[in-house]
file data.tsv (TSV, C-alpha atoms)
chain	number	residue	atom	x	y	z
A	1	MET	CA	90.61	-63.03	33.87
A	2	GLY	CA	87.34	-64.87	34.32
A	3	GLY	CA	86.35	-67.76	32.05
A	4	LEU	CA	88.41	-66.54	29.07
A	5	GLY	CA	91.66	-67.78	30.60
A	6	GLY	CA	90.18	-71.29	30.92
A	7	VAL	CA	89.03	-71.24	27.28
A	8	LEU	CA	92.50	-70.19	26.11
A	9	SER	CA	94.09	-72.92	28.24
A	10	ILE	CA	91.89	-75.57	26.61
A	11	LEU	CA	92.71	-74.33	23.13
A	12	LEU	CA	96.43	-74.49	23.89
A	13	THR	CA	96.37	-78.08	25.18
A	14	THR	CA	97.79	-79.68	22.06
A	15	ALA	CA	100.98	-81.46	23.13
A	16	VAL	CA	102.16	-84.68	21.49
A	17	PHE	CA	102.29	-87.70	23.84
A	18	PRO	CA	105.88	-88.95	24.26
A	19	GLN	CA	106.68	-92.66	24.41
A	20	ALA	CA	106.16	-93.77	28.03
A	21	VAL	CA	108.30	-96.38	29.80
A	22	PRO	CA	106.24	-98.91	31.84
A	23	TYR	CA	107.51	-100.26	35.16
A	24	ALA	CA	106.33	-103.61	36.50
A	25	ARG	CA	106.62	-105.95	39.47
A	26	SER	CA	105.11	-109.33	40.34
A	27	PHE	CA	103.19	-110.04	43.56
A	28	SER	CA	102.15	-113.36	45.07
A	29	LYS	CA	98.55	-112.15	45.36
A	30	SER	CA	95.42	-112.66	43.33
A	31	ALA	CA	94.28	-110.06	40.84
A	32	GLU	CA	91.28	-109.25	43.06
A	33	GLU	CA	93.53	-108.60	46.08
A	34	VAL	CA	95.80	-106.40	43.99
A	35	GLU	CA	92.85	-104.36	42.69
A	36	VAL	CA	91.52	-103.80	46.22
A	37	ALA	CA	94.98	-102.70	47.42
A	38	LEU	CA	95.40	-100.29	44.48
A	39	LYS	CA	92.04	-98.69	45.24
A	40	ASP	CA	93.00	-98.33	48.90
A	41	LEU	CA	96.18	-96.54	47.79
A	42	GLN	CA	94.05	-94.25	45.56
A	43	ALA	CA	96.22	-95.29	42.63
A	44	TYR	CA	93.49	-94.62	40.10
A	45	SER	CA	92.90	-90.99	41.10
A	46	GLY	CA	95.07	-88.21	39.72
A	47	GLN	CA	97.23	-86.05	41.96
A	48	LYS	CA	98.92	-82.66	41.76
A	49	LEU	CA	102.70	-82.27	41.71
A	50	PRO	CA	104.21	-79.21	43.42
A	51	ILE	CA	107.11	-79.27	40.93
A	52	VAL	CA	108.14	-81.30	37.88
A	53	ASP	CA	111.88	-81.31	38.63
A	54	GLY	CA	112.82	-84.76	39.91
A	55	PHE	CA	109.80	-86.49	38.39
A	56	VAL	CA	110.26	-86.09	34.64
A	57	ALA	CA	113.02	-87.03	32.25
A	58	THR	CA	115.23	-84.12	31.25
A	59	GLY	CA	113.98	-82.41	28.10
A	60	ASP	CA	114.95	-79.49	25.88
A	61	LYS	CA	113.01	-76.90	27.94
A	62	PRO	CA	113.82	-75.52	31.43
A	63	LEU	CA	111.80	-77.38	34.05
A	64	ASN	CA	111.34	-74.28	36.23
A	65	GLN	CA	109.01	-72.82	33.59
A	66	TYR	CA	106.44	-75.60	34.10
A	67	GLU	CA	103.59	-75.07	36.55
A	68	ARG	CA	100.23	-76.61	37.59
A	69	ALA	CA	101.69	-80.13	37.21
A	70	PHE	CA	99.36	-83.15	37.46
A	71	TYR	CA	99.91	-86.89	37.11
A	72	GLN	CA	97.74	-90.00	36.68
A	73	PHE	CA	98.65	-93.67	36.48
A	74	SER	CA	97.80	-96.11	33.73
A	75	ILE	CA	97.75	-99.52	35.48
A	76	ASP	CA	97.63	-103.02	33.97
A	77	VAL	CA	96.93	-105.99	36.29
A	78	LEU	CA	98.18	-109.10	34.43
A	79	PRO	CA	98.32	-112.79	35.30
A	80	GLY	CA	101.81	-114.00	36.19
A	81	THR	CA	103.57	-117.15	37.33
A	82	GLY	CA	102.36	-117.82	40.88
A	83	GLY	CA	100.69	-114.46	41.27
A	84	THR	CA	99.90	-111.18	39.54
A	85	ILE	CA	102.00	-108.69	37.60
A	86	VAL	CA	101.30	-104.99	38.05
A	87	ARG	CA	102.52	-102.77	35.23
A	88	VAL	CA	102.42	-98.99	35.79
A	89	THR	CA	102.92	-95.96	33.54
A	90	ALA	CA	102.64	-92.38	34.83
A	91	LYS	CA	101.28	-89.64	32.61
A	92	ILE	CA	102.42	-86.16	33.70
A	93	THR	CA	100.93	-82.96	32.33
A	94	ALA	CA	101.95	-79.37	33.15
A	95	TRP	CA	101.45	-75.85	31.88
A	96	TYR	CA	104.55	-74.49	30.11
A	97	ALA	CA	104.85	-70.70	30.63
A	98	ASP	CA	106.93	-69.44	27.72
A	99	LYS	CA	108.19	-65.86	27.42
A	100	ASP	CA	106.22	-65.78	24.18
A	101	PRO	CA	102.57	-66.27	25.31
A	102	ALA	CA	101.74	-67.82	21.94
A	103	LYS	CA	104.09	-70.73	22.73
A	104	SER	CA	102.64	-71.38	26.19
A	105	GLY	CA	100.29	-74.31	26.80
A	106	TYR	CA	99.76	-77.66	28.50
A	107	GLN	CA	102.28	-80.35	27.62
A	108	VAL	CA	102.63	-84.06	28.38
A	109	LEU	CA	105.98	-84.88	29.99
A	110	PRO	CA	107.77	-88.26	30.16
A	111	SER	CA	108.07	-89.70	33.67
A	112	ASN	CA	111.54	-90.64	34.89
A	113	GLY	CA	110.14	-93.61	36.84
A	114	ARG	CA	110.01	-92.17	40.34
A	115	LEU	CA	106.22	-92.06	40.53
A	116	GLU	CA	105.83	-95.60	39.15
A	117	LEU	CA	108.43	-97.09	41.52
A	118	ASP	CA	106.89	-95.24	44.45
A	119	LEU	CA	103.49	-96.82	43.75
A	120	LEU	CA	105.00	-100.31	43.35
A	121	ASP	CA	106.93	-99.87	46.62
A	122	ARG	CA	103.82	-98.75	48.50
A	123	LEU	CA	101.88	-101.69	47.08
A	124	GLU	CA	104.63	-104.07	48.18
A	125	GLU	CA	104.67	-102.61	51.69
A	126	LYS	CA	100.85	-102.90	51.86
A	127	PHE	CA	101.21	-106.64	51.21
A	128	GLY	CA	103.71	-106.89	54.07
A	129	GLY	CA	106.89	-106.51	52.08
A	130	LYS	CA	109.99	-105.19	53.76
A	131	PRO	CA	110.17	-101.37	53.62
A	132	ALA	CA	113.34	-99.55	52.58
A	133	SER	CA	116.24	-99.96	55.04
A	134	SER	CA	117.15	-97.34	57.59
A	135	MET	CA	120.53	-97.00	55.83
A	136	ALA	CA	118.73	-95.95	52.64
A	137	ARG	CA	116.71	-93.37	54.58
A	138	ALA	CA	119.91	-92.05	56.16
A	139	LEU	CA	121.21	-91.32	52.68
A	140	SER	CA	118.20	-89.04	51.94
A	141	ASN	CA	119.45	-85.68	50.64
A	142	SER	CA	118.79	-83.44	47.68
A	143	THR	CA	122.08	-84.30	45.93
A	144	ILE	CA	120.94	-87.76	44.78
A	145	SER	CA	119.96	-87.54	41.13
A	146	ALA	CA	116.67	-88.67	39.68
A	147	PRO	CA	116.51	-92.14	38.10
A	148	LYS	CA	116.65	-92.35	34.31
A	149	PRO	CA	113.70	-93.99	32.50
A	150	LYS	CA	115.76	-96.99	31.38
A	151	LEU	CA	114.40	-99.90	33.38
A	152	ASP	CA	111.64	-101.42	31.24
A	153	LEU	CA	110.31	-104.50	33.01
A	154	GLY	CA	106.88	-104.64	31.47
A	155	GLY	CA	107.34	-105.32	27.78
A	156	VAL	CA	105.70	-108.77	27.80
A	157	PRO	CA	103.19	-110.11	30.35
A	158	GLY	CA	104.77	-112.91	32.33
A	159	ALA	CA	108.35	-111.78	31.73
A	160	GLN	CA	110.87	-112.65	34.44
A	161	ILE	CA	110.71	-109.82	36.97
A	162	PRO	CA	112.80	-109.84	40.17
A	163	THR	CA	110.71	-109.98	43.35
A	164	THR	CA	111.48	-109.81	47.06
A	165	ALA	CA	110.89	-113.57	47.25
A	166	ASN	CA	113.48	-114.33	44.57
A	167	PRO	CA	116.01	-111.49	44.48
A	168	ALA	CA	118.91	-111.41	42.06
A	169	THR	CA	122.25	-111.64	43.84
A	170	LYS	CA	124.68	-110.71	41.11
A	171	SER	CA	126.00	-107.13	41.27
A	172	GLY	CA	124.63	-104.93	38.50
A	173	THR	CA	121.36	-106.88	38.11
A	174	PRO	CA	117.94	-105.22	37.93
A	175	ALA	CA	117.52	-105.91	41.65
A	176	ASP	CA	120.55	-103.70	42.37
A	177	GLU	CA	119.11	-100.99	40.18
A	178	LEU	CA	115.79	-101.21	42.00
A	179	GLY	CA	117.51	-100.79	45.36
A	180	SER	CA	119.43	-97.76	44.10
A	181	LEU	CA	116.29	-96.23	42.61
A	182	ARG	CA	114.39	-96.82	45.84
A	183	SER	CA	117.06	-94.98	47.85
A	184	SER	CA	117.05	-92.13	45.37
A	185	ARG	CA	113.26	-91.98	45.47
A	186	GLU	CA	113.20	-91.67	49.26
A	187	ALA	CA	115.80	-88.90	49.14
A	188	GLU	CA	113.79	-87.02	46.56
A	189	GLU	CA	110.58	-87.56	48.55
A	190	LYS	CA	112.18	-85.79	51.49
A	191	HIS	CA	113.36	-83.02	49.21
A	192	MET	CA	109.88	-82.76	47.68
A	193	ARG	CA	108.28	-82.42	51.12
A	194	GLU	CA	110.68	-79.60	51.94
A	195	LEU	CA	109.94	-77.86	48.65
A	196	ASN	CA	106.20	-78.32	49.14
A	197	ALA	CA	106.39	-76.75	52.60
A	198	GLU	CA	108.37	-73.85	51.17
A	199	LEU	CA	105.87	-73.49	48.32
A	200	GLN	CA	102.93	-73.34	50.72
A	201	SER	CA	104.76	-70.72	52.78
A	202	LEU	CA	105.38	-68.58	49.69
A	203	GLN	CA	101.76	-68.96	48.59
A	204	GLU	CA	100.58	-67.80	52.01
A	205	ILE	CA	102.89	-64.78	51.84
A	206	GLN	CA	101.63	-63.98	48.35
A	207	LYS	CA	98.01	-64.33	49.51
A	208	ASN	CA	98.59	-61.80	52.30
A	209	GLN	CA	100.34	-59.28	50.08
A	210	ALA	CA	98.57	-56.38	48.37
A	211	HIS	CA	97.55	-56.67	44.72
A	212	PRO	CA	100.10	-55.52	42.14
A	213	LEU	CA	99.91	-51.78	41.62
A	214	ASN	CA	99.12	-51.95	37.89
A	215	LEU	CA	95.88	-53.95	38.19
A	216	VAL	CA	92.35	-52.64	37.76
A	217	VAL	CA	89.39	-54.48	39.33
A	218	VAL	CA	85.93	-54.86	37.80
A	219	LYS	CA	83.22	-53.40	40.08
A	220	ASN	CA	80.09	-54.41	38.21
A	221	ALA	CA	79.24	-57.98	37.17
A	222	GLY	CA	78.68	-58.30	33.45
A	223	ALA	CA	80.77	-55.25	32.57
A	224	PRO	CA	81.42	-55.45	28.79
A	225	VAL	CA	85.00	-55.72	27.53
A	226	LEU	CA	85.03	-54.11	24.07
A	227	ALA	CA	87.35	-54.44	21.10
A	228	LYS	CA	87.50	-50.65	20.64
A	229	PRO	CA	87.02	-47.63	22.94
A	230	ALA	CA	83.60	-46.67	21.62
A	231	GLU	CA	79.95	-47.36	22.32
A	232	GLY	CA	78.60	-50.01	19.95
A	233	ALA	CA	82.02	-51.64	19.48
A	234	ARG	CA	82.20	-55.44	19.36
A	235	VAL	CA	81.88	-57.04	22.82
A	236	LEU	CA	84.72	-59.50	23.42
A	237	PHE	CA	83.09	-60.90	26.58
A	238	ASN	CA	81.36	-59.77	29.80
A	239	ALA	CA	83.64	-59.63	32.82
A	240	ALA	CA	82.66	-60.91	36.25
A	241	ALA	CA	82.80	-58.81	39.41
A	242	GLU	CA	86.26	-58.83	41.02
A	243	ASP	CA	87.97	-59.82	37.74
A	244	GLU	CA	91.41	-58.22	37.52
A	245	PHE	CA	93.17	-56.90	34.43
A	246	GLU	CA	96.53	-55.29	33.81
A	247	PHE	CA	96.30	-51.56	33.11
A	248	ILE	CA	97.83	-50.35	29.82
A	249	ALA	CA	96.56	-46.81	29.27
A	250	ALA	CA	93.59	-44.46	29.64
A	251	GLU	CA	91.75	-43.05	26.64
A	252	GLY	CA	89.17	-40.58	27.89
A	253	GLU	CA	86.45	-42.53	29.71
A	254	TRP	CA	87.91	-45.87	28.55
A	255	ILE	CA	90.65	-47.95	30.17
A	256	HIS	CA	92.83	-50.06	27.87
A	257	VAL	CA	93.59	-53.42	29.57
A	258	GLN	CA	95.50	-56.61	28.87
A	259	ILE	CA	93.21	-59.66	28.91
A	260	SER	CA	95.55	-62.62	28.40
A	261	GLY	CA	98.80	-62.89	26.48
A	262	PRO	CA	98.54	-60.61	23.43
A	263	SER	CA	94.77	-60.07	23.87
A	264	ARG	CA	93.66	-56.51	24.65
A	265	GLY	CA	90.34	-54.81	25.33
A	266	TYR	CA	88.62	-51.65	26.62
A	267	ILE	CA	86.43	-51.23	29.72
A	268	ARG	CA	84.52	-48.11	30.69
A	269	ARG	CA	86.25	-46.39	33.57
A	270	SER	CA	83.06	-46.24	35.66
A	271	ASN	CA	83.02	-50.07	35.76
A	272	LEU	CA	86.49	-50.28	37.32
A	273	GLU	CA	88.25	-49.63	40.61
A	274	LEU	CA	91.68	-48.02	40.07
A	275	SER	CA	94.56	-48.43	42.50
A	276	GLU	CA	96.08	-45.31	44.08
A	277	PHE	CA	99.15	-45.88	41.89
A	278	ILE	CA	97.14	-45.74	38.66
A	279	ALA	CA	94.97	-42.84	39.88
A	280	ALA	CA	98.09	-40.82	40.73
A	281	ARG	CA	99.59	-41.69	37.35
A	282	LEU	CA	96.49	-40.45	35.53
A	283	ASN	CA	96.36	-37.30	37.68
A	284	SER	CA	100.01	-36.67	36.80
A	285	GLN	CA	99.20	-36.89	33.09
A	286	VAL	CA	96.28	-34.47	33.52
A	287	ALA	CA	98.46	-32.12	35.55
A	288	ALA	CA	101.20	-32.19	32.91
A	289	ALA	CA	98.64	-31.36	30.22
A	290	THR	CA	97.28	-28.54	32.37
A	291	VAL	CA	100.76	-27.10	32.88
A	292	GLU	CA	101.38	-27.17	29.13
A	293	LYS	CA	98.09	-25.36	28.44
A	294	ALA	CA	98.54	-22.83	31.27
A	295	ALA	CA	100.75	-20.50	29.24
A	296	ALA	CA	99.79	-17.53	31.41
A	297	PHE	CA	102.53	-18.50	33.94
A	298	ARG	CA	106.10	-19.69	33.73
A	299	MET	CA	108.37	-21.34	36.30
A	300	LEU	CA	111.14	-19.14	37.74
A	301	ARG	CA	112.68	-21.57	40.22
A	302	GLU	CA	111.98	-24.40	42.66
A	303	GLU	CA	113.69	-24.98	45.99
A	304	THR	CA	113.35	-26.63	49.39
A	305	SER	CA	113.29	-24.03	52.21
A	306	PRO	CA	111.51	-23.25	55.49
A	307	PHE	CA	107.89	-22.16	55.10
A	308	PRO	CA	107.86	-18.39	54.37
A	309	GLY	CA	104.72	-17.57	56.37
A	310	ASP	CA	103.13	-17.79	59.85
A	311	TRP	CA	100.65	-20.62	59.11
A	312	GLU	CA	100.70	-22.83	62.21
A	313	GLN	CA	100.54	-26.10	60.23
A	314	LEU	CA	103.80	-25.41	58.34
A	315	LYS	CA	105.52	-22.70	60.40
A	316	GLY	CA	109.26	-23.39	60.60
A	317	LYS	CA	108.96	-26.61	58.59
A	318	ALA	CA	110.73	-27.56	55.35
A	319	VAL	CA	108.55	-27.18	52.27
A	320	LYS	CA	108.90	-27.47	48.50
A	321	ILE	CA	108.56	-23.96	46.99
A	322	PHE	CA	107.68	-23.23	43.36
A	323	THR	CA	108.11	-19.58	42.36
A	324	VAL	CA	106.19	-18.66	39.19
A	325	GLN	CA	105.66	-15.49	37.21
A	326	PRO	CA	102.79	-14.39	34.94
A	327	VAL	CA	103.55	-14.30	31.23
A	328	SER	CA	100.32	-12.76	30.00
A	329	GLN	CA	99.37	-9.19	30.87
A	330	ASP	CA	95.68	-10.00	30.55
A	331	PRO	CA	94.10	-10.04	34.05
A	332	LYS	CA	91.51	-12.54	32.82
A	333	GLU	CA	94.30	-15.04	32.12
A	334	THR	CA	96.14	-14.49	35.43
A	335	GLY	CA	93.20	-13.99	37.80
A	336	ALA	CA	92.28	-16.00	40.89
A	337	ARG	CA	90.79	-18.89	38.89
A	338	ALA	CA	93.93	-19.19	36.73
A	339	ARG	CA	96.24	-19.02	39.78
A	340	LEU	CA	94.34	-21.81	41.54
A	341	ALA	CA	94.34	-23.95	38.39
A	342	PHE	CA	98.09	-23.53	37.92
A	343	ALA	CA	98.79	-24.22	41.61
A	344	SER	CA	96.61	-27.33	41.45
A	345	SER	CA	98.60	-28.65	38.48
A	346	LEU	CA	101.89	-28.14	40.31
A	347	PHE	CA	100.56	-29.77	43.48
A	348	GLN	CA	99.35	-32.89	41.63
A	349	LYS	CA	102.51	-33.15	39.55
A	350	TYR	CA	104.61	-33.02	42.72
A	351	ALA	CA	102.43	-35.68	44.40
A	352	ALA	CA	102.82	-38.00	41.39
A	353	ASP	CA	106.56	-37.45	40.83
A	354	SER	CA	107.86	-37.33	44.42
A	355	THR	CA	109.68	-40.44	45.69
A	356	ALA	CA	110.96	-41.72	48.99
A	357	SER	CA	114.49	-40.62	47.98
A	358	ALA	CA	113.42	-36.95	47.64
A	359	PRO	CA	114.38	-34.49	50.43
A	360	ALA	CA	111.95	-34.72	53.35
A	361	VAL	CA	109.37	-31.93	53.20
A	362	GLU	CA	106.08	-31.42	55.00
A	363	GLY	CA	104.30	-29.23	52.49
A	364	VAL	CA	104.25	-27.64	49.03
A	365	VAL	CA	104.00	-23.91	48.33
A	366	VAL	CA	103.43	-21.90	45.12
A	367	ILE	CA	104.50	-18.23	45.12
A	368	PHE	CA	103.08	-15.98	42.38
A	369	ASP	CA	105.75	-13.33	41.80
A	370	SER	CA	103.69	-10.34	40.68
A	371	ALA	CA	102.18	-7.16	42.11
A	372	ASP	CA	98.75	-8.77	42.55
A	373	GLY	CA	100.07	-12.30	43.16
A	374	GLY	CA	100.05	-14.26	46.38
A	375	ILE	CA	101.07	-17.47	48.12
A	376	VAL	CA	99.13	-20.73	48.28
A	377	GLY	CA	100.35	-23.77	50.20
A	378	THR	CA	99.26	-27.18	51.48
A	379	THR	CA	100.52	-29.80	53.88
A	380	LEU	CA	101.83	-33.03	52.34
A	381	ALA	CA	99.18	-35.07	54.16
A	382	THR	CA	96.34	-32.98	52.70
A	383	LEU	CA	97.93	-33.09	49.25
A	384	LYS	CA	98.09	-36.89	49.33
A	385	GLN	CA	94.35	-37.07	50.09
A	386	PHE	CA	93.62	-34.69	47.21
A	387	ALA	CA	95.82	-36.62	44.75
A	388	ALA	CA	94.23	-39.94	45.78
A	389	GLY	CA	90.74	-38.54	45.12
A	390	THR	CA	89.56	-38.84	48.75
A	391	LEU	CA	89.32	-35.05	49.17
A	392	SER	CA	87.20	-32.88	46.87
A	393	PRO	CA	88.75	-29.77	45.26
A	394	GLU	CA	86.40	-27.50	47.26
A	395	ASN	CA	87.41	-29.04	50.60
A	396	PHE	CA	91.04	-29.14	49.53
A	397	TRP	CA	91.20	-25.37	48.94
A	398	LYS	CA	89.44	-24.76	52.27
A	399	GLN	CA	92.33	-26.54	54.01
A	400	CYS	CA	95.04	-24.69	52.06
A	401	TYR	CA	97.04	-21.62	53.14
A	402	ARG	CA	96.24	-18.56	50.97
A	403	ASP	CA	97.86	-15.16	51.42
A	404	PRO	CA	96.29	-12.78	50.80
A	405	PRO	CA	92.90	-14.53	50.70
A	406	GLU	CA	91.45	-12.03	48.22
A	407	ALA	CA	94.08	-13.03	45.63
A	408	PHE	CA	92.31	-16.39	45.36
A	409	GLN	CA	88.74	-15.27	46.10
A	410	GLU	CA	87.20	-15.35	42.63
A	411	SER	CA	86.77	-19.13	42.79
A	412	ARG	CA	87.91	-21.82	45.16
A	413	LYS	CA	87.78	-24.46	42.46
A	414	PRO	CA	90.77	-25.01	40.18

call {"tool": "encode", "arguments": {"input": "data.tsv", "output": "structure tokens"}}
result
Amino acid sequence: MGGLGGVLSILLTTAVFPQAVPYARSFSKSAEEVEVALKDLQAYSGQKLPIVDGFVATGDKPLNQYERAFYQFSIDVLPGTGGTIVRVTAKITAWYADKDPAKSGYQVLPSNGRLELDLLDRLEEKFGGKPASSMARALSNSTISAPKPKLDLGGVPGAQIPTTANPATKSGTPADELGSLRSSREAEEKHMRELNAELQSLQEIQKNQAHPLNLVVVKNAGAPVLAKPAEGARVLFNAAAEDEFEFIAAEGEWIHVQISGPSRGYIRRSNLELSEFIAARLNSQVAAATVEKAAAFRMLREETSPFPGDWEQLKGKAVKIFTVQPVSQDPKETGARARLAFASSLFQKYAADSTASAPAVEGVVVIFDSADGGIVGTTLATLKQFAAGTLSPENFWKQCYRDPPEAFQESRKP
């Protein structure tokens, strides 16, 4: 919805930072060498996360409602005994999409350690350390759980931290935990790659699909979005060309739209492109109002039967037949103009209400049951063009069946 969505996102970014758990490891390299290696690994640049599940500690909100995840490292390079200590903390942010739009917003999530350990492992491998064993890679599957943020090795610079040069040998030591976490990380990396590939596939499918049916599109750049459906009303903002809004209702020449969350506004109809779905819906409402006002006729029955005439386009084909009868005895109220108007309302109502589950027909016919009445009919293909607004009323009536023609000669416009 243009720039307004970005403004709302910024205003909602008010999460409280949780206590992060740092992860650390010592390397027998100088601080300068470590810095160069970290830059080569692009450790100081933020990255997107396709999902948050598997990278954050479990919280009180469902992880599948987070989107647009992003992480960035906070890195400390500290002097250590015989080398350099690298201490890493990952900051993860994501948009939380709550069912209540007022509760949605960006939040900071606590890392479960996978991102930090991944960076330390890649740094170790860059310095020639031994990569994870083939046995650990063989264990890669999505059933291995994420590590808990419990291993805090970076509380005090210079603290004793197990390294590959001096591993702990006793079962249950931090070195054992590191090995288990490394195996879990590799399994989750594989799972993440699979999910990322699936996500990209879904995004491509979504990109190639048609727009949702209930969206309206702004045609003219700078089209004003007003607080009320009236000239001179307060302008909320000016929409950009191709901006899309969810359709709520039509009020005369104004279209009521949803902007973002609970925000609403009005745009002049001439500034918008309406989908066929919305156009048919509005035509149906107009047709219903016309039927209510056209008290000169009443419905006797409706049925699906073979076409009752010799018109080549519908001869022998199944059609929807509406049989109507005049109520008023005033010829001015039941003349040719009134008959065409009433037939038009029935045609448009049928076009808007018919579904794929309805009996298959190839046309619609209205029979006026009176001494001076007549029959008017149309093919379904022509009716669809008329209902979609691609065929003018004048051209529509030219393509219709009318018997006798003089019964509908006063005017060809409904």

call {"tool": "residues_near_point", "arguments": {"input": "data.tsv", "point": "(101.8, -100.6, 38.9)", "cutoff": "6 Å", "atoms": "only C-alpha atoms", "output": "count of residues only"}}
result
6

call {"tool": "atom_distance", "arguments": {"input": "data.tsv", "atom1": "atom CA of Ala102 of chain A", "atom2": "atom CA of Asp243 of chain A"}}
result
22.4 Å

call {"tool": "closest_residue", "arguments": {"input": "data.tsv", "among": "A:Gln72, A:Asn64, A:Asn283, A:Thr379", "to": "Gln42 of chain A", "atoms": "only C-alpha atoms"}}
result
A:Gln72

call {"tool": "atom_distance", "arguments": {"input": "data.tsv", "atom1": "atom CA of Leu213 of chain A", "atom2": "atom CA of Ser275 of chain A"}}
result
6.4 Å

call {"tool": "atom_distance", "arguments": {"input": "data.tsv", "atom1": "atom CA of Ala407 of chain A", "atom2": "atom CA of Met299 of chain A"}}
result
19.0 Å

call {"tool": "closest_residue", "arguments": {"input": "data.tsv", "among": "A:Leu41, A:Val366, A:Leu236, A:Ile51", "to": "Glu302 of chain A", "atoms": "all atoms listed in the file"}}
result
A:Val366

call {"tool": "residues_around", "arguments": {"input": "data.tsv", "residues": "segment 28-31 of chain A", "least_positions_apart": "3", "cutoff": "12 Å", "atoms": "only C-alpha atoms", "output": "mmCIF file with C-alpha atoms, in the frame of the given file"}}
result
data_model
loop_
_atom_site.group_PDB
_atom_site.id
_atom_site.type_symbol
_atom_site.label_atom_id
_atom_site.label_comp_id
_atom_site.auth_asym_id
_atom_site.auth_seq_id
_atom_site.Cartn_x
_atom_site.Cartn_y
_atom_site.Cartn_z
ATOM 1 C CA ARG A 25 106.620 -105.950 39.470
ATOM 2 C CA VAL A 34 95.800 -106.400 43.990
ATOM 3 C CA GLU A 35 92.850 -104.360 42.690
ATOM 4 C CA VAL A 36 91.520 -103.800 46.220
ATOM 5 C CA ALA A 37 94.980 -102.700 47.420
ATOM 6 C CA LEU A 38 95.400 -100.290 44.480
ATOM 7 C CA ASP A 76 97.630 -103.020 33.970
ATOM 8 C CA VAL A 77 96.930 -105.990 36.290
ATOM 9 C CA LEU A 78 98.180 -109.100 34.430
ATOM 10 C CA PRO A 79 98.320 -112.790 35.300
ATOM 11 C CA GLY A 80 101.810 -114.000 36.190
ATOM 12 C CA THR A 81 103.570 -117.150 37.330
ATOM 13 C CA GLY A 82 102.360 -117.820 40.880
ATOM 14 C CA GLY A 83 100.690 -114.460 41.270
ATOM 15 C CA THR A 84 99.900 -111.180 39.540
ATOM 16 C CA ILE A 85 102.000 -108.690 37.600
ATOM 17 C CA VAL A 86 101.300 -104.990 38.050
ATOM 18 C CA LEU A 123 101.880 -101.690 47.080
ATOM 19 C CA GLU A 124 104.630 -104.070 48.180
ATOM 20 C CA LYS A 126 100.850 -102.900 51.860
ATOM 21 C CA PHE A 127 101.210 -106.640 51.210
ATOM 22 C CA GLY A 128 103.710 -106.890 54.070
ATOM 23 C CA GLY A 129 106.890 -106.510 52.080
ATOM 24 C CA THR A 163 110.710 -109.980 43.350
ATOM 25 C CA THR A 164 111.480 -109.810 47.060
ATOM 26 C CA ALA A 165 110.890 -113.570 47.250
ATOM 27 C CA ASN A 166 113.480 -114.330 44.570
#
